[in-house]
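Visitor: What follows is entry.txt, made up of compact mmCIF, C-alpha atoms (C1' of nucleotides):
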```txt
# COMPACT_ATOMS: atom_id res chain seq x y z
CA MET A 1 143.76 81.78 -72.14
CA SER A 2 143.51 85.07 -70.27
CA ARG A 3 146.68 87.09 -69.95
CA TYR A 4 147.71 88.83 -66.81
CA ASP A 5 144.68 88.02 -64.80
CA GLN A 6 145.57 88.96 -61.25
CA ASN A 7 142.78 86.80 -59.91
CA ILE A 8 144.66 83.66 -60.84
CA PHE A 9 147.46 84.71 -58.51
CA ARG A 10 145.10 85.82 -55.77
CA ASN A 11 143.07 82.63 -55.86
CA TYR A 12 146.26 80.64 -55.78
CA LEU A 13 147.42 82.41 -52.63
CA ALA A 14 144.03 81.99 -51.04
CA ASP A 15 144.55 78.23 -51.13
CA TYR A 16 147.45 78.65 -48.72
CA THR A 17 146.31 81.41 -46.40
CA THR A 18 143.47 83.83 -45.88
CA ILE A 19 144.21 87.10 -47.52
CA ASP A 20 142.37 90.43 -47.24
CA SER A 21 142.29 93.26 -49.77
CA LYS A 22 144.89 95.31 -47.97
CA ASP A 23 147.40 92.44 -47.93
CA TRP A 24 146.67 91.67 -51.53
CA SER A 25 147.29 95.20 -52.75
CA GLN A 26 150.62 95.20 -50.93
CA ILE A 27 151.57 91.90 -52.48
CA ILE A 28 150.55 92.55 -56.06
CA ALA A 29 152.28 95.94 -55.95
CA CYS A 30 155.59 94.07 -55.66
CA PHE A 31 155.03 91.90 -58.73
CA HIS A 32 155.50 92.96 -62.32
CA PRO A 33 154.27 91.12 -65.41
CA LYS A 34 156.76 89.51 -67.74
CA GLU A 35 156.18 87.48 -70.86
CA VAL A 36 158.44 84.54 -71.64
CA LYS A 37 158.31 83.22 -75.20
CA ALA A 38 158.48 79.49 -75.81
CA GLY A 39 162.08 78.38 -76.17
CA THR A 40 163.60 81.31 -74.27
CA LEU A 41 165.20 81.21 -70.85
CA LEU A 42 163.77 82.75 -67.72
CA LEU A 43 166.98 81.95 -65.87
CA GLU A 44 170.36 80.91 -67.19
CA GLU A 45 172.80 78.61 -65.44
CA GLY A 46 175.67 80.57 -63.95
CA LYS A 47 173.67 83.74 -63.41
CA ILE A 48 172.30 84.77 -60.07
CA CYS A 49 168.57 84.42 -59.65
CA ARG A 50 167.31 87.76 -58.37
CA HIS A 51 163.57 87.26 -58.51
CA VAL A 52 160.65 85.38 -57.14
CA TYR A 53 158.20 84.36 -59.84
CA PHE A 54 154.58 83.46 -60.16
CA LEU A 55 153.65 81.41 -63.21
CA GLU A 56 150.18 82.40 -64.39
CA SER A 57 150.08 80.38 -67.59
CA GLY A 58 152.40 78.36 -69.81
CA LEU A 59 154.92 75.70 -68.89
CA LEU A 60 158.49 75.81 -67.61
CA ARG A 61 161.34 73.32 -67.57
CA TYR A 62 164.28 73.25 -65.15
CA PHE A 63 167.42 71.68 -66.56
CA VAL A 64 171.15 71.41 -65.94
CA TRP A 65 174.16 70.59 -68.08
CA LYS A 66 175.70 67.32 -67.07
CA ASP A 67 178.55 65.77 -69.08
CA GLY A 68 177.61 67.74 -72.15
CA GLN A 69 174.01 66.66 -71.83
CA ASP A 70 170.87 68.64 -71.20
CA VAL A 71 169.24 66.97 -68.21
CA THR A 72 165.70 67.90 -67.24
CA LYS A 73 165.18 68.17 -63.50
CA PHE A 74 161.50 69.02 -63.32
CA PHE A 75 158.66 71.03 -64.71
CA THR A 76 156.56 73.85 -63.32
CA HIS A 77 152.99 74.30 -64.40
CA PRO A 78 150.62 77.10 -63.52
CA PRO A 79 149.55 78.34 -61.17
CA TYR A 80 152.73 78.23 -59.15
CA CYS A 81 155.00 80.52 -57.19
CA PHE A 82 158.68 79.65 -57.45
CA THR A 83 162.26 80.78 -57.75
CA SER A 84 165.65 79.20 -58.00
CA GLN A 85 165.66 78.84 -54.24
CA ARG A 86 169.30 78.16 -53.62
CA SER A 87 170.59 80.87 -55.94
CA PHE A 88 168.02 83.39 -54.75
CA ASN A 89 168.74 82.83 -51.07
CA THR A 90 172.50 82.57 -51.22
CA GLU A 91 173.04 85.00 -54.11
CA GLN A 92 175.28 82.40 -55.74
CA PRO A 93 175.16 81.54 -59.45
CA ALA A 94 172.32 79.17 -60.31
CA ARG A 95 173.23 75.64 -61.30
CA GLU A 96 170.14 75.21 -63.41
CA SER A 97 168.43 77.00 -66.24
CA ILE A 98 164.71 77.60 -66.55
CA GLU A 99 163.23 77.43 -70.03
CA ALA A 100 159.73 78.16 -71.24
CA LEU A 101 158.35 75.20 -73.14
CA GLN A 102 155.31 77.24 -74.09
CA ASP A 103 154.67 80.97 -74.23
CA SER A 104 154.30 81.81 -70.57
CA TYR A 105 152.99 84.68 -68.53
CA VAL A 106 154.80 85.22 -65.27
CA TRP A 107 154.89 87.86 -62.56
CA GLU A 108 158.23 88.73 -61.05
CA MET A 109 159.30 90.32 -57.77
CA SER A 110 162.74 91.67 -56.97
CA ARG A 111 164.85 90.39 -54.11
CA ALA A 112 164.55 93.68 -52.25
CA ASP A 113 160.76 93.60 -52.46
CA SER A 114 160.78 89.97 -51.45
CA LEU A 115 162.69 90.69 -48.27
CA ARG A 116 160.39 93.59 -47.49
CA LEU A 117 157.27 91.59 -48.20
CA LEU A 118 158.34 88.89 -45.74
CA GLU A 119 157.51 91.39 -43.02
CA LEU A 120 153.89 91.06 -44.05
CA LYS A 121 152.47 88.29 -41.92
CA THR A 122 150.18 86.92 -44.60
CA TRP A 123 153.01 86.63 -47.09
CA ASN A 124 155.40 85.23 -44.52
CA ASN A 125 152.84 82.59 -43.68
CA PHE A 126 152.39 81.74 -47.33
CA VAL A 127 156.11 81.43 -47.96
CA LEU A 128 156.61 79.10 -45.02
CA LYS A 129 153.81 76.86 -46.20
CA LEU A 130 155.08 76.94 -49.75
CA VAL A 131 158.61 75.97 -48.78
CA GLN A 132 157.22 73.13 -46.70
CA GLU A 133 155.14 72.01 -49.64
CA VAL A 134 158.14 72.07 -51.93
CA GLN A 135 159.95 70.02 -49.32
CA PHE A 136 157.14 67.46 -49.35
CA PHE A 137 157.25 67.27 -53.13
CA THR A 138 161.00 66.77 -53.13
CA GLU A 139 160.69 64.04 -50.53
CA ARG A 140 158.00 62.37 -52.59
CA ILE A 141 160.17 62.44 -55.71
CA LEU A 142 163.05 61.06 -53.68
CA GLU A 143 160.90 58.23 -52.41
CA ASP A 144 159.63 57.40 -55.88
CA LEU A 145 163.15 57.38 -57.20
CA GLN A 146 164.23 54.89 -54.56
CA ASN A 147 161.26 52.59 -54.94
CA GLU A 148 160.43 52.65 -58.61
CA THR A 149 162.10 52.04 -61.94
CA ALA A 150 161.86 54.53 -64.78
CA GLU A 151 159.15 52.38 -66.32
CA GLN A 152 157.09 52.39 -63.17
CA ARG A 153 157.42 56.13 -62.85
CA TYR A 154 156.36 56.62 -66.44
CA ARG A 155 153.37 54.34 -65.96
CA ARG A 156 152.41 56.31 -62.90
CA MET A 157 152.54 59.57 -64.85
CA ILE A 158 150.09 57.98 -67.26
CA ALA A 159 147.91 56.63 -64.46
CA GLU A 160 147.83 60.02 -62.77
CA GLY A 161 147.03 61.68 -66.07
CA SER A 162 149.95 64.04 -65.86
CA PRO A 163 149.44 66.96 -68.22
CA LEU A 164 153.16 66.78 -69.01
CA LEU A 165 152.57 63.81 -71.29
CA GLN A 166 150.79 65.97 -73.82
CA LYS A 167 153.02 68.97 -73.56
CA VAL A 168 156.59 67.80 -73.18
CA PRO A 169 158.77 66.34 -75.97
CA LEU A 170 159.71 62.74 -75.23
CA LYS A 171 163.42 63.49 -75.13
CA HIS A 172 162.87 65.80 -72.15
CA LEU A 173 160.56 63.32 -70.52
CA ALA A 174 163.25 60.66 -70.93
CA SER A 175 165.94 62.72 -69.25
CA TYR A 176 163.46 63.69 -66.55
CA LEU A 177 162.92 59.98 -65.94
CA GLY A 178 166.69 59.51 -65.97
CA ILE A 179 166.94 57.29 -69.04
CA ALA A 180 167.99 57.54 -72.70
CA PRO A 181 165.33 58.40 -75.28
CA GLN A 182 165.69 54.91 -76.74
CA SER A 183 164.84 53.37 -73.42
CA LEU A 184 161.71 55.46 -73.15
CA SER A 185 160.72 54.36 -76.64
CA ARG A 186 161.13 50.77 -75.65
CA ILE A 187 159.02 51.28 -72.55
CA ARG A 188 156.32 52.97 -74.57
CA LYS A 189 156.30 50.16 -77.06
CA LYS A 190 155.94 47.62 -74.29
CA ILE A 191 153.07 49.53 -72.72
CA TYR A 192 151.12 50.05 -75.93
CA GLU A 193 151.69 46.50 -77.13
CA HIS A 194 150.25 45.21 -73.92
CA ALA A 195 147.40 47.71 -73.99
CA ARG A 196 146.32 46.48 -77.42
CA THR A 197 146.15 42.80 -76.45
CA MET B 1 179.57 65.17 -22.69
CA SER B 2 177.58 67.84 -20.88
CA ARG B 3 173.89 67.16 -20.34
CA TYR B 4 171.23 69.75 -20.85
CA ASP B 5 173.49 72.62 -21.66
CA GLN B 6 171.16 75.31 -22.95
CA ASN B 7 174.07 77.09 -24.57
CA ILE B 8 174.35 74.39 -27.21
CA PHE B 9 170.83 75.20 -28.32
CA ARG B 10 171.35 78.93 -28.12
CA ASN B 11 174.59 78.86 -30.10
CA TYR B 12 172.93 76.67 -32.67
CA LEU B 13 170.14 79.20 -33.14
CA ALA B 14 172.63 82.05 -33.33
CA ASP B 15 174.04 80.47 -36.48
CA TYR B 16 170.73 81.08 -38.21
CA THR B 17 169.60 84.41 -36.82
CA THR B 18 170.56 87.04 -34.27
CA ILE B 19 168.87 86.41 -31.00
CA ASP B 20 168.65 88.63 -27.91
CA SER B 21 168.13 87.54 -24.32
CA LYS B 22 164.45 88.36 -24.30
CA ASP B 23 163.79 86.23 -27.37
CA TRP B 24 165.89 83.44 -25.97
CA SER B 25 164.05 83.27 -22.68
CA GLN B 26 160.76 83.07 -24.56
CA ILE B 27 162.07 80.28 -26.73
CA ILE B 28 163.71 78.14 -24.10
CA ALA B 29 160.62 78.45 -21.91
CA CYS B 30 158.75 76.41 -24.52
CA PHE B 31 161.23 73.54 -24.56
CA HIS B 32 161.47 70.74 -22.05
CA PRO B 33 164.34 68.30 -21.60
CA LYS B 34 163.84 64.65 -22.46
CA GLU B 35 166.29 61.81 -22.37
CA VAL B 36 166.13 59.09 -25.00
CA LYS B 37 168.01 55.90 -24.26
CA ALA B 38 169.87 54.15 -27.03
CA GLY B 39 167.59 51.68 -28.78
CA THR B 40 164.35 53.37 -27.81
CA LEU B 41 161.97 55.28 -30.08
CA LEU B 42 161.40 59.01 -29.99
CA LEU B 43 158.58 58.60 -32.52
CA GLU B 44 156.77 55.52 -33.66
CA GLU B 45 155.34 54.95 -37.12
CA GLY B 46 151.57 55.33 -37.11
CA LYS B 47 151.50 57.79 -34.24
CA ILE B 48 151.06 61.51 -34.72
CA CYS B 49 154.14 63.59 -34.12
CA ARG B 50 153.11 66.33 -31.70
CA HIS B 51 156.45 67.93 -30.93
CA VAL B 52 159.32 69.90 -32.30
CA TYR B 53 162.66 68.63 -31.07
CA PHE B 54 166.15 69.91 -30.58
CA LEU B 55 168.88 67.28 -30.43
CA GLU B 56 171.60 68.39 -28.05
CA SER B 57 173.68 65.23 -28.05
CA GLY B 58 173.47 61.64 -29.23
CA LEU B 59 172.42 60.27 -32.60
CA LEU B 60 169.07 59.53 -34.19
CA ARG B 61 167.92 57.36 -37.06
CA TYR B 62 164.79 57.77 -39.17
CA PHE B 63 163.45 54.57 -40.63
CA VAL B 64 160.35 53.07 -42.24
CA TRP B 65 158.98 49.58 -42.67
CA LYS B 66 158.97 48.55 -46.28
CA ASP B 67 158.08 44.98 -47.31
CA GLY B 68 158.87 43.65 -43.87
CA GLN B 69 162.24 45.37 -43.88
CA ASP B 70 163.61 48.12 -41.70
CA VAL B 71 164.78 50.80 -44.14
CA THR B 72 166.89 53.68 -42.87
CA LYS B 73 165.96 57.02 -44.40
CA PHE B 74 168.50 59.29 -42.75
CA PHE B 75 170.28 60.26 -39.58
CA THR B 76 170.19 63.31 -37.38
CA HIS B 77 173.25 64.39 -35.46
CA PRO B 78 173.52 67.17 -32.94
CA PRO B 79 173.06 70.00 -32.80
CA TYR B 80 169.88 69.97 -34.81
CA CYS B 81 166.30 71.12 -34.61
CA PHE B 82 163.81 68.79 -36.23
CA THR B 83 160.44 67.10 -36.21
CA SER B 84 158.53 64.70 -38.36
CA GLN B 85 157.52 67.57 -40.57
CA ARG B 86 154.67 66.02 -42.48
CA SER B 87 153.06 64.41 -39.47
CA PHE B 88 153.54 67.45 -37.30
CA ASN B 89 152.06 69.86 -39.83
CA THR B 90 149.18 67.76 -41.04
CA GLU B 91 148.48 65.96 -37.76
CA GLN B 92 148.42 62.70 -39.68
CA PRO B 93 150.11 59.50 -38.48
CA ALA B 94 153.82 59.49 -39.14
CA ARG B 95 155.12 57.11 -41.77
CA GLU B 96 158.52 56.84 -40.15
CA SER B 97 159.95 56.00 -36.77
CA ILE B 98 162.78 57.82 -35.05
CA GLU B 99 165.16 55.72 -33.00
CA ALA B 100 168.04 56.75 -30.79
CA LEU B 101 171.23 54.98 -31.84
CA GLN B 102 173.00 56.41 -28.82
CA ASP B 103 171.77 57.80 -25.52
CA SER B 104 170.49 61.18 -26.59
CA TYR B 105 169.52 64.40 -24.90
CA VAL B 106 166.74 66.26 -26.63
CA TRP B 107 164.52 69.23 -25.87
CA GLU B 108 160.89 69.06 -26.90
CA MET B 109 158.22 71.63 -27.57
CA SER B 110 154.49 71.00 -27.89
CA ARG B 111 152.51 71.83 -30.99
CA ALA B 112 150.57 74.54 -29.19
CA ASP B 113 153.76 76.22 -28.04
CA SER B 114 155.20 75.88 -31.52
CA LEU B 115 152.29 77.70 -33.10
CA ARG B 116 152.50 80.42 -30.48
CA LEU B 117 156.25 80.75 -30.84
CA LEU B 118 155.91 81.32 -34.58
CA GLU B 119 154.52 84.73 -33.68
CA LEU B 120 157.96 85.60 -32.40
CA LYS B 121 159.82 87.14 -35.30
CA THR B 122 163.19 85.69 -34.36
CA TRP B 123 161.79 82.19 -34.17
CA ASN B 124 159.74 82.60 -37.31
CA ASN B 125 162.84 83.72 -39.13
CA PHE B 126 164.76 80.73 -37.84
CA VAL B 127 162.07 78.27 -38.86
CA LEU B 128 161.89 79.62 -42.39
CA LYS B 129 165.65 79.34 -42.78
CA LEU B 130 165.65 75.88 -41.29
CA VAL B 131 162.93 74.60 -43.60
CA GLN B 132 164.81 76.03 -46.56
CA GLU B 133 167.95 74.32 -45.38
CA VAL B 134 166.17 70.99 -45.04
CA GLN B 135 164.87 71.52 -48.56
CA PHE B 136 168.44 72.07 -49.79
CA PHE B 137 169.58 68.88 -48.08
CA THR B 138 166.76 66.88 -49.57
CA GLU B 139 167.50 68.25 -53.02
CA ARG B 140 171.14 67.37 -52.57
CA ILE B 141 170.30 63.81 -51.58
CA LEU B 142 167.99 63.57 -54.58
CA GLU B 143 170.74 64.77 -56.88
CA ASP B 144 173.25 62.32 -55.44
CA LEU B 145 170.79 59.50 -55.82
CA GLN B 146 170.26 60.32 -59.48
CA ASN B 147 173.91 60.77 -60.33
CA GLU B 148 175.73 58.26 -58.20
CA THR B 149 175.74 54.54 -57.46
CA ALA B 150 175.68 53.26 -53.91
CA GLU B 151 179.42 52.70 -54.13
CA GLN B 152 180.08 56.27 -55.17
CA ARG B 153 177.92 57.57 -52.37
CA TYR B 154 179.72 55.44 -49.84
CA ARG B 155 183.08 56.60 -51.14
CA ARG B 156 181.94 60.18 -50.82
CA MET B 157 180.89 59.63 -47.22
CA ILE B 158 184.43 58.46 -46.60
CA ALA B 159 185.95 61.36 -48.53
CA GLU B 160 183.83 63.83 -46.60
CA GLY B 161 184.77 62.17 -43.34
CA SER B 162 181.17 61.60 -42.35
CA PRO B 163 180.94 60.91 -38.61
CA LEU B 164 178.26 58.35 -39.36
CA LEU B 165 180.92 55.88 -40.46
CA GLN B 166 182.13 55.48 -36.92
CA LYS B 167 178.79 55.51 -35.21
CA VAL B 168 176.32 53.64 -37.36
CA PRO B 169 176.13 49.85 -37.70
CA LEU B 170 176.91 48.78 -41.26
CA LYS B 171 173.51 47.18 -41.73
CA HIS B 172 171.85 50.55 -41.25
CA LEU B 173 174.38 52.24 -43.47
CA ALA B 174 173.63 49.66 -46.16
CA SER B 175 169.90 50.27 -46.09
CA TYR B 176 170.56 54.00 -46.00
CA LEU B 177 172.58 53.56 -49.20
CA GLY B 178 169.77 51.47 -50.61
CA ILE B 179 171.63 48.16 -50.90
CA ALA B 180 171.86 44.81 -49.14
CA PRO B 181 174.43 44.42 -46.34
CA GLN B 182 176.32 41.92 -48.51
CA SER B 183 176.65 44.48 -51.24
CA LEU B 184 178.10 46.99 -48.83
CA SER B 185 180.60 44.39 -47.69
CA ARG B 186 181.61 43.81 -51.27
CA ILE B 187 182.09 47.52 -51.81
CA ARG B 188 184.14 47.86 -48.65
CA LYS B 189 186.34 44.98 -49.66
CA LYS B 190 186.94 46.52 -53.06
CA ILE B 191 187.84 49.88 -51.52
CA TYR B 192 190.24 48.50 -48.95
CA GLU B 193 191.91 46.12 -51.38
CA HIS B 194 192.60 49.02 -53.65
CA ALA B 195 193.76 51.24 -50.82
CA ARG B 196 196.40 48.68 -49.82
CA THR B 197 198.00 48.36 -53.25
C1' DA C 1 183.57 28.05 -20.24
C1' DT C 2 179.93 27.37 -23.20
C1' DA C 3 176.29 28.39 -26.07
C1' DC C 4 173.71 31.62 -28.64
C1' DG C 5 172.40 35.52 -31.39
C1' DT C 6 173.82 39.16 -34.08
C1' DT C 7 176.74 41.46 -37.31
C1' DC C 8 179.83 41.31 -40.88
C1' DT C 9 182.30 39.03 -44.58
C1' DT C 10 183.10 36.18 -48.68
C1' DA C 11 182.00 33.69 -52.82
C1' DA C 12 179.47 31.95 -56.91
C1' DC C 13 175.80 32.83 -59.63
C1' DA C 14 171.67 35.20 -61.49
C1' DT C 15 169.21 39.12 -63.36
C1' DA C 16 166.81 43.40 -64.07
C1' DG C 17 167.20 47.66 -65.95
C1' DG C 18 169.55 49.98 -68.48
C1' DT C 19 173.22 51.58 -72.66
C1' DG C 20 175.05 51.94 -77.45
C1' DC C 21 174.88 51.20 -82.12
C1' DA C 22 172.57 51.01 -86.38
C1' DG C 23 168.98 51.39 -89.36
C1' DT C 24 164.18 53.17 -90.48
C1' DA C 25 160.44 56.41 -90.79
C1' DG C 26 157.85 60.67 -90.30
C1' DG C 27 157.54 65.65 -90.02
C1' DC C 28 159.28 70.35 -90.42
C1' DT C 29 162.19 73.87 -92.44
C1' DA C 30 165.04 76.02 -95.94
C1' DT D 1 164.53 68.59 -103.06
C1' DA D 2 167.58 68.06 -99.45
C1' DG D 3 168.63 68.23 -94.72
C1' DC D 4 167.64 67.88 -89.98
C1' DC D 5 165.47 66.58 -85.92
C1' DT D 6 162.61 63.46 -83.23
C1' DA D 7 160.97 59.06 -82.36
C1' DC D 8 160.80 53.88 -82.94
C1' DT D 9 162.91 49.28 -83.07
C1' DG D 10 166.05 45.21 -82.78
C1' DC D 11 170.12 43.37 -80.97
C1' DA D 12 174.15 42.62 -78.34
C1' DC D 13 176.14 43.94 -74.20
C1' DC D 14 177.16 45.80 -69.51
C1' DT D 15 177.16 46.42 -64.70
C1' DA D 16 175.37 47.40 -60.26
C1' DT D 17 173.03 44.90 -57.25
C1' DG D 18 170.26 40.85 -55.52
C1' DT D 19 170.26 36.04 -53.88
C1' DT D 20 171.84 32.21 -51.58
C1' DA D 21 174.69 29.99 -48.59
C1' DA D 22 178.37 29.55 -45.62
C1' DG D 23 181.69 30.86 -42.24
C1' DA D 24 184.15 34.31 -39.01
C1' DA D 25 184.14 37.63 -35.36
C1' DC D 26 182.12 39.54 -31.47
C1' DG D 27 179.32 40.23 -27.33
C1' DT D 28 176.15 38.57 -23.93
C1' DA D 29 173.71 35.57 -21.11
C1' DT D 30 173.60 31.21 -18.91
```
Give the structure from this file in structure tokens form.

Guide:
Amino acid sequence: MSRYDQNIFRNYLADYTTIDSKDWSQIIACFHPKEVKAGTLLLEEGKICRHVYFLESGLLRYFVWKDGQDVTKFFTHPPYCFTSQRSFNTEQPARESIEALQDSYVWEMSRADSLRLLELKTWNNFVLKLVQEVQFFTERILEDLQNETAEQRYRRMIAEGSPLLQKVPLKHLASYLGIAPQSLSRIRKKIYEHART
Amino acid sequence: MSRYDQNIFRNYLADYTTIDSKDWSQIIACFHPKEVKAGTLLLEEGKICRHVYFLESGLLRYFVWKDGQDVTKFFTHPPYCFTSQRSFNTEQPARESIEALQDSYVWEMSRADSLRLLELKTWNNFVLKLVQEVQFFTERILEDLQNETAEQRYRRMIAEGSPLLQKVPLKHLASYLGIAPQSLSRIRKKIYEHART
DNA sequence: ATACGTTCTTAACATAGGTGCAGTAGGCTA
DNA sequence: TAGCCTACTGCACCTATGTTAAGAACGTAT
């Protein structure tokens, strides 16, 4: 696993928009490397999110506290550009925390730089596409949630070969699916029993 | 109810971004008025959405066909700027239809004009904010769906004084809440019984 | 007026998808 | 060695919602 390889970021951006060397140097100049050890928080609930991040490697988990329980909202795997959108845009305290599940390499950009960089057409274009993409993802999750049970969603993760299955503890997977760990166990049992026969 | 009052649109935009007369004339030049009678479709599932719309007055309903059933996804009330995002951006057939529940006055802009207008900084700025806002809404709906039952969501609509309660037939409200009309009736009965005591 | 379709309500009953508790087992850390 | 956490399993139980079936209220067309 390479660390701090700018090309990962650049290639990632190139998937969204064409980007020349001049744009790229402007963009990368705004980002600074930051290492996040497994188990530590990149963002803590209640604090204001003041950065835009790019995840180069590792794995992150968004979660909230709900009735004294740690509830996993979703995961971010590399390469991905993200922030705590609501907190970042409104400058209000974040409702969720972001935890590294594995040692992660991220690049971060300050709010001030972010606002400045939006003047750059290439970046502006990228951001718009990214936000639309996030919107599509959210809609997709919403749809799945309405149409499928936790079991069906878990089966689909398997069918789609989600890399999360190998990397995420089952307790987090369970809360991500919206069920108790016992229920996930039962589902797993059912699936593997059937698979054997 | 005034018809085709450009000021409604302009004031709406002003809530997102400052807008001078020159910008405004460029923007409004791209939009053309269109009346949608109650009960008719602004967009039909399977067709490609080729416009951006602004809803000046009336009420719209997004719905999809799912297992031979008409399922309401959400409603749009004025003033609001919208489109079938996925279809519009990807030029793929829309998965949902948009129906007018009341006689509605909308303004429409072609795809070509939309792309051109994005070059205008004011408009670009507005679009980015709008897409972020839509993302917030979707996230909020997702959260509610995970945390609340249909009954709780219906109660909250009442508590928040949603205007939909007066305007939308209960059958659509039921499918919007994700339950059968009978179930909504049961919930309503329960609420009103309790309210009386 | 009458008849018809649609929407909404009510009731009895069924059920899927989940919870909670309790006990067991394996692995890691101190 | 003990202690702790995670995961698995069996069982009883719950509850939100579906299903079915019937009737009431309302508007519209004939």

Visitor: Between atom CA of B:Gln152 and atom CA of A:Glu139, what distance in Å does the model show, to one decimal?

Guide: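 Those two atoms sit 21.4 Å apart.
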
Visitor: So what do you get for atom CA of B:Val36 versus atom CA of B:Pro93, distance-wise?

Guide: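 Atom CA of B:Pro93 lies at a distance of 20.9 Å from atom CA of B:Val36.
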
Visitor: Taking only C-alpha atoms (C1' of nucleotides) into account, find every residue of chain B that has an atom no more than 8 Å from chain C, and write it out as a ChimeraX atom specification.

Guide: /B:171,182,185

Visitor: Got time to write the residues from that selection, C-alpha atoms, as an mmCIF file, keeping the file's coordinate frame?

Guide:
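Contents of result-v2.cif, as written:
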```cif
data_model
loop_
_atom_site.group_PDB
_atom_site.id
_atom_site.type_symbol
_atom_site.label_atom_id
_atom_site.label_comp_id
_atom_site.auth_asym_id
_atom_site.auth_seq_id
_atom_site.Cartn_x
_atom_site.Cartn_y
_atom_site.Cartn_z
ATOM 1 C CA LYS B 171 173.510 47.180 -41.730
ATOM 2 C CA GLN B 182 176.320 41.920 -48.510
ATOM 3 C CA SER B 185 180.600 44.390 -47.690
#
```

Visitor: Find the residues of chain A that sit at most 10 Å from chain B; for each, write down the nearest two atoms and how far apart they are in Å, to one decimal. Count only C-alpha atoms. Sort by chain, then by number going up, and give it as a Markdown table.

Guide:
```
| residue | atom | partner | partner_atom | distance |
| --- | --- | --- | --- | --- |
| A:Lys66 | CA | B:Asn147 | CA | 9.6 |
| A:Lys73 | CA | B:Glu143 | CA | 9.3 |
| A:Gln85 | CA | B:Gln132 | CA | 8.2 |
| A:Arg86 | CA | B:Phe136 | CA | 7.2 |
| A:Asn89 | CA | B:Gln132 | CA | 9.1 |
| A:Leu118 | CA | B:Asn125 | CA | 9.5 |
| A:Glu119 | CA | B:Lys121 | CA | 9.1 |
| A:Lys121 | CA | B:Glu119 | CA | 9.2 |
| A:Asn124 | CA | B:Asn124 | CA | 8.8 |
| A:Asn125 | CA | B:Asn124 | CA | 9.4 |
| A:Val127 | CA | B:Leu128 | CA | 8.2 |
| A:Leu128 | CA | B:Leu128 | CA | 5.9 |
| A:Lys129 | CA | B:Leu128 | CA | 9.3 |
| A:Val131 | CA | B:Gln132 | CA | 6.6 |
| A:Gln132 | CA | B:Val131 | CA | 6.7 |
| A:Glu133 | CA | B:Arg86 | CA | 9.3 |
| A:Val134 | CA | B:Gln135 | CA | 7.5 |
| A:Gln135 | CA | B:Gln135 | CA | 5.2 |
| A:Phe136 | CA | B:Arg86 | CA | 7.4 |
| A:Phe137 | CA | B:Gln135 | CA | 9.8 |
| A:Thr138 | CA | B:Glu139 | CA | 6.7 |
| A:Glu139 | CA | B:Thr138 | CA | 6.8 |
| A:Ile141 | CA | B:Leu142 | CA | 8.0 |
| A:Leu142 | CA | B:Leu142 | CA | 5.6 |
| A:Glu143 | CA | B:Leu142 | CA | 9.1 |
| A:Leu145 | CA | B:Gln146 | CA | 8.0 |
| A:Gln146 | CA | B:Gly178 | CA | 7.6 |
| A:Asn147 | CA | B:Gly178 | CA | 9.6 |
| A:Leu177 | CA | B:Gln146 | CA | 9.8 |
| A:Gly178 | CA | B:Gln146 | CA | 7.5 |
```

Visitor: Got a sec to pull out which chain B residues are within 9 Å of chain D, counting all atoms listed in the file, and send them as JSON, numbers by chain?

Guide: {"B": [149, 150, 179, 180, 183]}

Visitor: Pick out the residues sitting within 9 Å of B:Met109, and hand them over as a VMD selection string; count only C-alpha atoms (C1' of nucleotides), and ignore anything fewer than 3 positions along from it in its own chain.

Guide: chain B and resid 30 to 32 50 to 54 112 to 114

Visitor: Hey, could you pull the box centre and edge lengths for stretch 20-29 of chain D, axis-aligned, 4 Å padding per side, all listed atoms, to one decimal in Å, as JSON?

Guide:
```
{"center_x": 178.0, "center_y": 34.9, "center_z": -36.3, "size_x": 20.3, "size_y": 18.7, "size_z": 38.5}
```

Visitor: Using Å and a single decimal, report how far atom CA of B:Glu56 sits from atom CA of B:Thr18.

Guide: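 Pair atom CA of B:Thr18 / atom CA of B:Glu56 returns 19.7 Å.
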
Visitor: Mind rebuilding stretch 138-144 of chain A with N, CA and C atoms and writing that out as a PDB file, in the coordinates of the input?

Guide:
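Contents of the output file selection-v9.pdb:
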```
ATOM      1  N   THR A 138     159.652  67.291 -52.908  1.00  0.00           N
ATOM      2  CA  THR A 138     161.000  66.770 -53.130  1.00  0.00           C
ATOM      3  C   THR A 138     161.157  65.422 -52.459  1.00  0.00           C
ATOM      4  N   GLU A 139     160.624  65.309 -51.255  1.00  0.00           N
ATOM      5  CA  GLU A 139     160.690  64.040 -50.530  1.00  0.00           C
ATOM      6  C   GLU A 139     159.946  62.947 -51.282  1.00  0.00           C
ATOM      7  N   ARG A 140     158.815  63.315 -51.823  1.00  0.00           N
ATOM      8  CA  ARG A 140     158.000  62.370 -52.590  1.00  0.00           C
ATOM      9  C   ARG A 140     158.773  61.886 -53.812  1.00  0.00           C
ATOM     10  N   ILE A 141     159.392  62.811 -54.527  1.00  0.00           N
ATOM     11  CA  ILE A 141     160.170  62.440 -55.710  1.00  0.00           C
ATOM     12  C   ILE A 141     161.317  61.519 -55.306  1.00  0.00           C
ATOM     13  N   LEU A 142     161.946  61.862 -54.198  1.00  0.00           N
ATOM     14  CA  LEU A 142     163.050  61.060 -53.680  1.00  0.00           C
ATOM     15  C   LEU A 142     162.609  59.643 -53.395  1.00  0.00           C
ATOM     16  N   GLU A 143     161.463  59.535 -52.750  1.00  0.00           N
ATOM     17  CA  GLU A 143     160.900  58.230 -52.410  1.00  0.00           C
ATOM     18  C   GLU A 143     160.618  57.424 -53.675  1.00  0.00           C
ATOM     19  N   ASP A 144     159.961  58.072 -54.626  1.00  0.00           N
ATOM     20  CA  ASP A 144     159.630  57.400 -55.880  1.00  0.00           C
ATOM     21  C   ASP A 144     160.895  56.898 -56.559  1.00  0.00           C
TER      22      ASP A 144
END
```
